[in-house]
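Colleague: File follows, my_file_22.txt with compact mmCIF, C-alpha atoms and all ligand atoms:
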```txt
# COMPACT_ATOMS: atom_id res chain seq x y z
CA MET A 1 97.73 117.32 105.99
CA ASP A 2 95.75 114.20 106.84
CA GLY A 3 98.26 112.23 108.94
CA GLN A 4 97.60 109.01 107.05
CA ARG A 5 97.82 110.42 103.47
CA ARG A 6 101.53 111.06 103.27
CA THR A 7 104.64 109.26 102.12
CA ALA A 8 105.13 106.28 104.41
CA ARG A 9 108.49 106.03 106.16
CA ILE A 10 109.90 102.55 106.52
CA ALA A 11 113.18 101.58 108.19
CA ILE A 12 114.97 98.26 107.74
CA VAL A 13 117.40 97.47 110.54
CA THR A 14 119.86 94.61 110.02
CA VAL A 15 121.13 93.38 113.38
CA SER A 16 124.30 91.37 112.83
CA ASP A 17 127.75 91.58 114.43
CA ARG A 18 129.43 90.34 111.28
CA ALA A 19 127.49 92.43 108.77
CA ALA A 20 128.06 95.54 110.95
CA ALA A 21 131.81 94.78 111.04
CA GLY A 22 131.94 94.30 107.26
CA ILE A 23 132.93 90.60 107.59
CA TYR A 24 130.10 89.71 105.25
CA GLU A 25 127.90 91.75 103.02
CA ASP A 26 124.40 92.33 104.37
CA LYS A 27 121.92 90.50 102.17
CA GLY A 28 118.90 90.70 104.48
CA GLY A 29 118.47 94.49 104.34
CA PRO A 30 118.60 94.73 100.54
CA GLY A 31 116.33 91.66 100.31
CA ALA A 32 113.72 93.27 102.55
CA GLU A 33 113.94 96.54 100.60
CA ALA A 34 113.48 94.75 97.26
CA TRP A 35 110.48 92.87 98.67
CA LEU A 36 108.88 96.14 99.85
CA ARG A 37 109.55 97.97 96.57
CA GLU A 38 107.84 95.17 94.65
CA THR A 39 104.88 95.03 97.03
CA VAL A 40 104.03 98.54 98.25
CA THR A 41 102.48 100.66 95.50
CA SER A 42 101.89 103.88 97.48
CA PRO A 43 104.74 106.39 98.05
CA VAL A 44 107.40 105.15 100.49
CA GLU A 45 110.77 106.30 101.77
CA ILE A 46 112.95 103.37 102.82
CA ALA A 47 116.04 103.81 105.01
CA ARG A 48 118.45 100.98 105.79
CA HIS A 49 120.56 100.58 108.92
CA ILE A 50 123.15 97.95 109.91
CA ILE A 51 123.97 97.64 113.62
CA PRO A 52 125.65 95.00 115.82
CA ASP A 53 123.74 92.60 118.05
CA GLY A 54 123.04 93.80 121.59
CA ARG A 55 119.99 94.70 123.60
CA GLU A 56 120.82 98.33 124.44
CA GLY A 57 122.06 99.35 121.00
CA VAL A 58 119.10 97.83 119.23
CA ALA A 59 116.60 99.38 121.65
CA ALA A 60 118.28 102.80 121.33
CA ARG A 61 118.12 102.68 117.52
CA LEU A 62 114.45 101.64 117.63
CA ARG A 63 113.60 104.53 119.98
CA GLU A 64 115.33 106.99 117.65
CA LEU A 65 113.46 105.69 114.62
CA VAL A 66 110.11 105.86 116.44
CA GLU A 67 110.82 109.42 117.63
CA ASP A 68 111.76 110.33 114.08
CA GLY A 69 108.23 109.40 112.90
CA THR A 70 108.97 106.06 111.19
CA ASP A 71 105.74 104.22 110.35
CA LEU A 72 107.08 100.68 109.98
CA ILE A 73 110.36 99.14 111.14
CA LEU A 74 111.54 95.74 109.93
CA VAL A 75 114.34 94.34 112.09
CA THR A 76 116.24 91.36 110.73
CA GLY A 77 118.57 89.16 112.80
CA GLY A 78 119.28 88.41 116.42
CA THR A 79 116.03 86.55 117.07
CA GLY A 80 117.63 83.17 117.82
CA PRO A 81 118.74 81.53 121.09
CA ALA A 82 122.50 82.34 121.02
CA PRO A 83 123.86 84.63 123.76
CA ARG A 84 124.34 87.60 121.38
CA ASP A 85 120.80 87.21 119.95
CA GLN A 86 118.95 89.89 121.94
CA THR A 87 116.67 91.49 119.38
CA PRO A 88 113.41 90.29 121.01
CA GLU A 89 114.54 91.65 124.39
CA ALA A 90 115.36 95.03 122.80
CA VAL A 91 112.03 95.09 121.00
CA MET A 92 110.17 94.31 124.22
CA ASP A 93 112.12 97.09 125.98
CA VAL A 94 110.53 99.62 123.60
CA ALA A 95 107.14 97.94 123.18
CA GLU A 96 103.89 99.46 124.33
CA LYS A 97 101.87 96.53 122.93
CA GLU A 98 102.85 93.14 121.57
CA LEU A 99 101.11 91.52 118.59
CA PRO A 100 102.02 87.86 119.14
CA GLY A 101 100.07 86.67 116.09
CA PHE A 102 102.79 88.01 113.80
CA GLY A 103 105.47 85.77 115.33
CA GLU A 104 103.14 82.78 115.42
CA GLU A 105 102.25 83.11 111.76
CA MET A 106 105.83 83.79 110.59
CA ARG A 107 107.09 80.73 112.47
CA ARG A 108 104.26 78.61 111.08
CA ALA A 109 105.18 79.61 107.51
CA SER A 110 108.92 79.14 108.15
CA LEU A 111 108.41 75.72 109.79
CA ALA A 112 106.94 74.49 106.51
CA GLU A 113 110.42 75.18 105.04
CA VAL A 114 112.95 74.48 107.83
CA PRO A 115 112.57 72.69 111.18
CA THR A 116 114.98 75.17 112.80
CA ALA A 117 112.40 77.95 112.38
CA ILE A 118 111.21 77.05 115.86
CA LEU A 119 114.44 78.62 117.15
CA SER A 120 113.37 82.11 116.09
CA ARG A 121 111.75 84.21 118.82
CA GLN A 122 110.46 86.76 116.31
CA THR A 123 107.44 88.92 117.14
CA ALA A 124 105.87 92.32 116.37
CA VAL A 125 105.18 95.27 118.66
CA ILE A 126 103.75 98.76 118.61
CA ARG A 127 105.36 101.85 120.09
CA ASP A 128 103.57 105.16 119.59
CA ALA A 129 102.45 105.21 115.91
CA THR A 130 105.12 102.74 114.75
CA LEU A 131 104.78 99.03 113.98
CA ILE A 132 107.98 97.04 114.56
CA ILE A 133 108.26 93.55 113.05
CA THR A 134 111.24 91.26 113.70
CA LEU A 135 112.49 88.78 111.10
CA PRO A 136 115.17 86.07 111.25
CA GLY A 137 118.63 87.02 109.96
CA LYS A 138 118.85 84.42 107.20
CA PRO A 139 118.21 86.33 104.00
CA ALA A 140 116.02 83.50 102.64
CA ALA A 141 113.65 83.93 105.59
CA ILE A 142 112.71 87.49 104.68
CA ALA A 143 110.27 86.75 101.85
CA THR A 144 108.78 83.74 103.64
CA CYS A 145 107.99 85.82 106.71
CA LEU A 146 106.80 88.96 104.94
CA ASP A 147 104.60 86.91 102.59
CA ALA A 148 103.05 85.30 105.69
CA VAL A 149 102.01 88.45 107.56
CA PHE A 150 102.11 91.52 105.36
CA ALA A 151 98.41 91.34 104.45
CA ALA A 152 97.69 92.54 108.00
CA VAL A 153 100.22 95.38 107.99
CA PRO A 154 98.31 98.17 106.14
CA TYR A 155 95.24 97.93 108.40
CA CYS A 156 97.45 97.74 111.49
CA LEU A 157 99.19 100.95 110.38
CA ASP A 158 95.74 102.57 109.89
CA LEU A 159 94.69 101.55 113.40
CA ILE A 160 97.75 103.01 115.10
CA GLY A 161 97.59 106.30 113.17
CA ALA A 162 100.60 105.65 110.92
CA ALA A 163 100.75 106.43 107.19
CA ARG A 164 98.34 104.63 104.90
CA ILE A 165 99.99 102.16 102.54
CA GLU A 166 98.63 100.27 99.54
CA THR A 167 99.92 96.96 98.18
CA ASP A 168 99.95 95.27 94.79
CA PRO A 169 97.09 92.76 95.15
CA ASN A 170 98.90 90.34 92.83
CA ARG A 171 101.56 90.00 95.52
CA ILE A 172 99.77 90.78 98.79
CA GLU A 173 96.01 91.26 99.09
CA ALA A 174 95.89 93.67 102.04
CA PHE A 175 93.09 93.06 104.51
CA ARG A 176 90.97 96.09 105.33
CA PRO A 177 87.40 95.94 106.51
CA LYS A 178 84.84 97.46 104.12
CA GLY A 179 85.01 101.25 104.08
CA ALA A 180 88.42 101.45 105.81
N1 LIG B 201 122.17 90.12 107.21
C1 LIG B 201 122.73 89.03 106.66
N2 LIG B 201 123.27 89.08 105.43
C2 LIG B 201 123.81 87.99 104.86
N3 LIG B 201 123.84 86.79 105.44
C3 LIG B 201 123.33 86.69 106.67
C4 LIG B 201 122.74 87.79 107.35
N4 LIG B 201 122.31 87.37 108.56
C5 LIG B 201 122.61 86.08 108.61
N5 LIG B 201 123.22 85.68 107.49
C6 LIG B 201 123.69 84.31 107.18
O1 LIG B 201 122.97 83.37 107.91
C7 LIG B 201 123.88 82.61 108.73
C8 LIG B 201 123.23 82.29 110.06
O2 LIG B 201 122.53 83.45 110.52
P1 LIG B 201 122.67 83.95 112.00
O3 LIG B 201 121.59 84.91 112.29
O4 LIG B 201 122.86 82.78 112.91
O5 LIG B 201 123.95 84.81 111.85
P2 LIG B 201 124.93 85.09 112.99
O6 LIG B 201 125.99 84.06 112.86
O7 LIG B 201 124.21 85.25 114.29
O8 LIG B 201 125.41 86.53 112.51
P3 LIG B 201 126.28 87.52 113.36
O9 LIG B 201 127.25 86.70 114.13
O10 LIG B 201 126.92 88.38 112.36
O11 LIG B 201 125.34 88.32 114.22
C9 LIG B 201 125.10 83.49 108.87
O12 LIG B 201 126.26 82.75 109.12
C10 LIG B 201 125.14 84.15 107.53
O13 LIG B 201 125.72 83.28 106.57
N1 LIG B 202 112.12 81.04 107.07
C1 LIG B 202 113.18 80.76 107.83
N2 LIG B 202 113.10 80.97 109.15
C2 LIG B 202 114.16 80.69 109.95
C3 LIG B 202 115.37 80.22 109.41
C4 LIG B 202 115.43 80.01 108.00
O1 LIG B 202 116.46 79.61 107.45
N3 LIG B 202 114.32 80.30 107.25
N4 LIG B 202 116.42 79.96 110.26
C5 LIG B 202 116.12 79.66 111.64
C6 LIG B 202 117.28 79.64 112.51
S1 LIG B 202 118.47 78.48 112.13
C7 LIG B 202 117.41 80.47 113.59
S2 LIG B 202 118.69 80.27 114.70
C8 LIG B 202 116.40 81.48 113.88
C9 LIG B 202 116.93 82.80 114.42
O2 LIG B 202 117.73 83.48 113.48
P1 LIG B 202 118.35 84.92 113.80
O3 LIG B 202 119.09 84.81 115.08
O4 LIG B 202 119.22 85.20 112.63
O5 LIG B 202 117.24 85.91 113.89
O6 LIG B 202 115.58 81.73 112.74
C10 LIG B 202 115.03 80.55 112.23
N5 LIG B 202 114.02 80.91 111.27
```
As a first step, turn the structure in this file into structure tokens.

Modeller:
Amino acid sequence: MDGQRRTARIAIVTVSDRAAAGIYEDKGGPGAEAWLRETVTSPVEIARHIIPDGREGVAARLRELVEDGTDLILVTGGTGPAPRDQTPEAVMDVAEKELPGFGEEMRRASLAEVPTAILSRQTAVIRDATLIITLPGKPAAIATCLDAVFAAVPYCLDLIGAARIETDPNRIEAFRPKGA
């Protein structure tokens, strides 16, 4: 089968000590899933994971998901400056390439809403044929950040050899050069 014409596999990883311990209910993961289900019109399988903060645990889970053939991973939480916030370090541990424009654009969009957005060290990276995008933990940040960058995601997935995805143009007009 043509590698790109298959059901896309997306993982949403919530990184939060308290959500993982059941102290509060995870709202970021379900929020990201709802956003994707409203936006992506081609077939997708979405898996959700909740894990505690920590560089090694996050990196290990990302490696597993990449080896499992996941096309896109959204990681929410642990991007801030506090000692337990180590998601960017974990993501860089598994990265083959960084795409700094994703973090720049997500922070720009978030800064229009909250001045504390500058505290998020979010970014995006590629490992093998997987795109990994980090998002802040605050559930309200999910839509702001995905709205800001998702137009570039389908073509990025094409370029790295991941599954092809289509979006509802009324929500996100995906950028693809003519003929792609
Ligand atoms: N996944 C989530 N689901 C629901 N609320 C969240 C989630 N992540 C963060 N929040 C909310 O946003 C607030 C600030 O987010 P922040 O990322 O600083 O959480 P945190 O205190 O680092 O979480 P934790 O200690 O569990 O890792 C939290 O106190 C919580 O109310
Ligand atoms: N859109 C948006 N971005 C945001 C926020 C927010 O509320 N909305 N919170 C900020 C704050 S307060 C922090 S500390 C950082 C990092 O959050 P994280 O550690 O949960 O990833 O994200 C920032 N980015």

Colleague: Given only C-alpha atoms and all ligand atoms, how would the per-residue table for chain A near ligand LIG 202 (chain B) read, listing every residue at most 10 Å away with its closest atom pair and distance in Å to one decimal, sorted by chain and number, as a tab-separated table?

Modeller:
```
residue	atom	partner	partner_atom	distance
A:Thr14	CA	B:LIG202	O4	9.8
A:Val15	CA	B:LIG202	O4	8.4
A:Ser16	CA	B:LIG202	O4	8.0
A:Gly28	CA	B:LIG202	O4	9.8
A:Asp53	CA	B:LIG202	O3	9.5
A:Val75	CA	B:LIG202	O5	9.1
A:Thr76	CA	B:LIG202	O5	6.4
A:Gly77	CA	B:LIG202	O5	3.7
A:Gly78	CA	B:LIG202	O3	3.8
A:Thr79	CA	B:LIG202	O5	3.5
A:Gly80	CA	B:LIG202	C9	3.5
A:Pro81	CA	B:LIG202	S2	6.5
A:Ala82	CA	B:LIG202	O3	7.3
A:Pro83	CA	B:LIG202	O3	9.9
A:Arg84	CA	B:LIG202	O3	8.7
A:Asp85	CA	B:LIG202	O3	5.7
A:Gln86	CA	B:LIG202	O3	8.5
A:Thr87	CA	B:LIG202	O5	7.8
A:Pro88	CA	B:LIG202	O5	9.2
A:Met106	CA	B:LIG202	N1	7.7
A:Arg107	CA	B:LIG202	N2	6.9
A:Arg108	CA	B:LIG202	N1	9.2
A:Ala109	CA	B:LIG202	N1	7.1
A:Ser110	CA	B:LIG202	N1	3.9
A:Leu111	CA	B:LIG202	N1	7.0
A:Ala112	CA	B:LIG202	N1	8.4
A:Glu113	CA	B:LIG202	N1	6.4
A:Val114	CA	B:LIG202	N3	6.0
A:Pro115	CA	B:LIG202	C5	7.8
A:Thr116	CA	B:LIG202	C5	4.8
A:Ala117	CA	B:LIG202	N5	3.6
A:Ile118	CA	B:LIG202	C10	6.3
A:Leu119	CA	B:LIG202	C8	4.8
A:Ser120	CA	B:LIG202	C8	3.8
A:Arg121	CA	B:LIG202	C9	6.9
A:Gln122	CA	B:LIG202	O5	7.2
A:Thr134	CA	B:LIG202	O5	8.0
A:Leu135	CA	B:LIG202	O5	6.2
A:Pro136	CA	B:LIG202	O5	3.4
A:Gly137	CA	B:LIG202	O4	3.3
A:Lys138	CA	B:LIG202	O1	5.4
A:Pro139	CA	B:LIG202	O1	7.8
A:Ala140	CA	B:LIG202	N3	5.9
A:Ala141	CA	B:LIG202	N1	3.6
A:Ile142	CA	B:LIG202	N1	6.9
A:Ala143	CA	B:LIG202	N1	8.0
A:Thr144	CA	B:LIG202	N1	5.5
A:Cys145	CA	B:LIG202	N1	6.3
A:Leu146	CA	B:LIG202	N1	9.8
```

Colleague: Please tell me which residues are no farther than 10 Å from (106.5, 104.2, 97.5) in the file, counting only C-alpha atoms, and write them as a list in words.

Modeller: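 The requested residues, written out, are Thr7, Ala8, Arg9, Ile10, Leu36, Arg37, Glu38, Thr39, Val40, Thr41, Ser42, Pro43, Val44, Glu45, Ile46, Ile165, Glu166 and Thr167 of chain A.
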
Colleague: Those selected residues, please, written with C-alpha atoms and delivered as a PDB file, keeping the file's coordinate frame.

Modeller:
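Output contents, as saved in out13.pdb:
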```
ATOM      1  CA  THR A   7     104.640 109.260 102.120  1.00  0.00           C
ATOM      2  CA  ALA A   8     105.130 106.280 104.410  1.00  0.00           C
ATOM      3  CA  ARG A   9     108.490 106.030 106.160  1.00  0.00           C
ATOM      4  CA  ILE A  10     109.900 102.550 106.520  1.00  0.00           C
ATOM      5  CA  LEU A  36     108.880  96.140  99.850  1.00  0.00           C
ATOM      6  CA  ARG A  37     109.550  97.970  96.570  1.00  0.00           C
ATOM      7  CA  GLU A  38     107.840  95.170  94.650  1.00  0.00           C
ATOM      8  CA  THR A  39     104.880  95.030  97.030  1.00  0.00           C
ATOM      9  CA  VAL A  40     104.030  98.540  98.250  1.00  0.00           C
ATOM     10  CA  THR A  41     102.480 100.660  95.500  1.00  0.00           C
ATOM     11  CA  SER A  42     101.890 103.880  97.480  1.00  0.00           C
ATOM     12  CA  PRO A  43     104.740 106.390  98.050  1.00  0.00           C
ATOM     13  CA  VAL A  44     107.400 105.150 100.490  1.00  0.00           C
ATOM     14  CA  GLU A  45     110.770 106.300 101.770  1.00  0.00           C
ATOM     15  CA  ILE A  46     112.950 103.370 102.820  1.00  0.00           C
ATOM     16  CA  ILE A 165      99.990 102.160 102.540  1.00  0.00           C
ATOM     17  CA  GLU A 166      98.630 100.270  99.540  1.00  0.00           C
ATOM     18  CA  THR A 167      99.920  96.960  98.180  1.00  0.00           C
TER      19      THR A 167
END
```

Colleague: Tell me which protein, DNA and RNA residues are within 8 Å of Asp71 (chain A), counting only C-alpha atoms, leaving out same-chain ones fewer than 4 positions away, and put them as a CSV table (one decimal) with C-alpha atoms, in the coordinates of the input.

Modeller:
```csv
chain,number,residue,atom,x,y,z
A,8,ALA,CA,105.1,106.3,104.4
A,9,ARG,CA,108.5,106.0,106.2
A,10,ILE,CA,109.9,102.6,106.5
A,66,VAL,CA,110.1,105.9,116.4
A,129,ALA,CA,102.4,105.2,115.9
A,130,THR,CA,105.1,102.7,114.8
A,131,LEU,CA,104.8,99.0,114.0
A,157,LEU,CA,99.2,101.0,110.4
A,162,ALA,CA,100.6,105.6,110.9
A,163,ALA,CA,100.8,106.4,107.2
```

Colleague: How big is the axis-aligned box around all listed atoms of ligand LIG 201 (chain B) once 5 Å goes on each side, and where's its centre, in Å to one decimal, as AutoDock Vina command-line options?

Modeller:
```
--center_x 124.4 --center_y 86.2 --center_z 109.6 --size_x 15.7 --size_y 17.8 --size_z 19.4
```

Colleague: Which residue gives the smallest distance to ligand LIG 201 (chain B) among A:Arg164, A:Arg127, A:Arg61, A:Lys27, with only C-alpha atoms and all ligand atoms counted?

Modeller: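 Closest candidate: A:Lys27.
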
Colleague: Counting only C-alpha atoms, which residues come within 10 Å of (102.5, 91.7, 120.2), with the point read in the file's coordinates, and could you list them as a PyMOL selection string?

Modeller: chain A and resi 92+95-103+123-126+131-133

Colleague: Quick one: of A:Ile160, A:Val149, A:Ile12, A:Val58, who's nearest to Asp93 (chain A), counting all atoms listed in the file?

Modeller: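 Closest to Asp93 (chain A) of all the choices is A:Val58.
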
Colleague: So which one's closest to ligand LIG 201 (chain B), A:Arg18, A:Arg171, A:Arg63, A:Arg55? Using all atoms listed in the file, please.

Modeller: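 Of A:Arg18, A:Arg171, A:Arg63, A:Arg55, the one nearest ligand LIG 201 (chain B), counting all atoms listed in the file, is A:Arg18.
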
Colleague: Record the distance separating CA of Ile172 (chain A) and CA of Trp35 (chain A), expressed in Å with one decimal.

Modeller: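 Taking CA of Ile172 (chain A) as the start and CA of Trp35 (chain A) as the end point, the length is 10.9 Å.
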
Colleague: Report, in Å to a single decimal, how far apart atom O13 of ligand LIG 201 (chain B) and CA of Ala152 (chain A) are.

Modeller: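 The value is 29.6 Å.
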
Colleague: What does the distance from atom O7 of ligand LIG 201 (chain B) to CA of Ala90 (chain A) come to in Å, to one decimal?

Modeller: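 These two atoms are separated by 15.7 Å.
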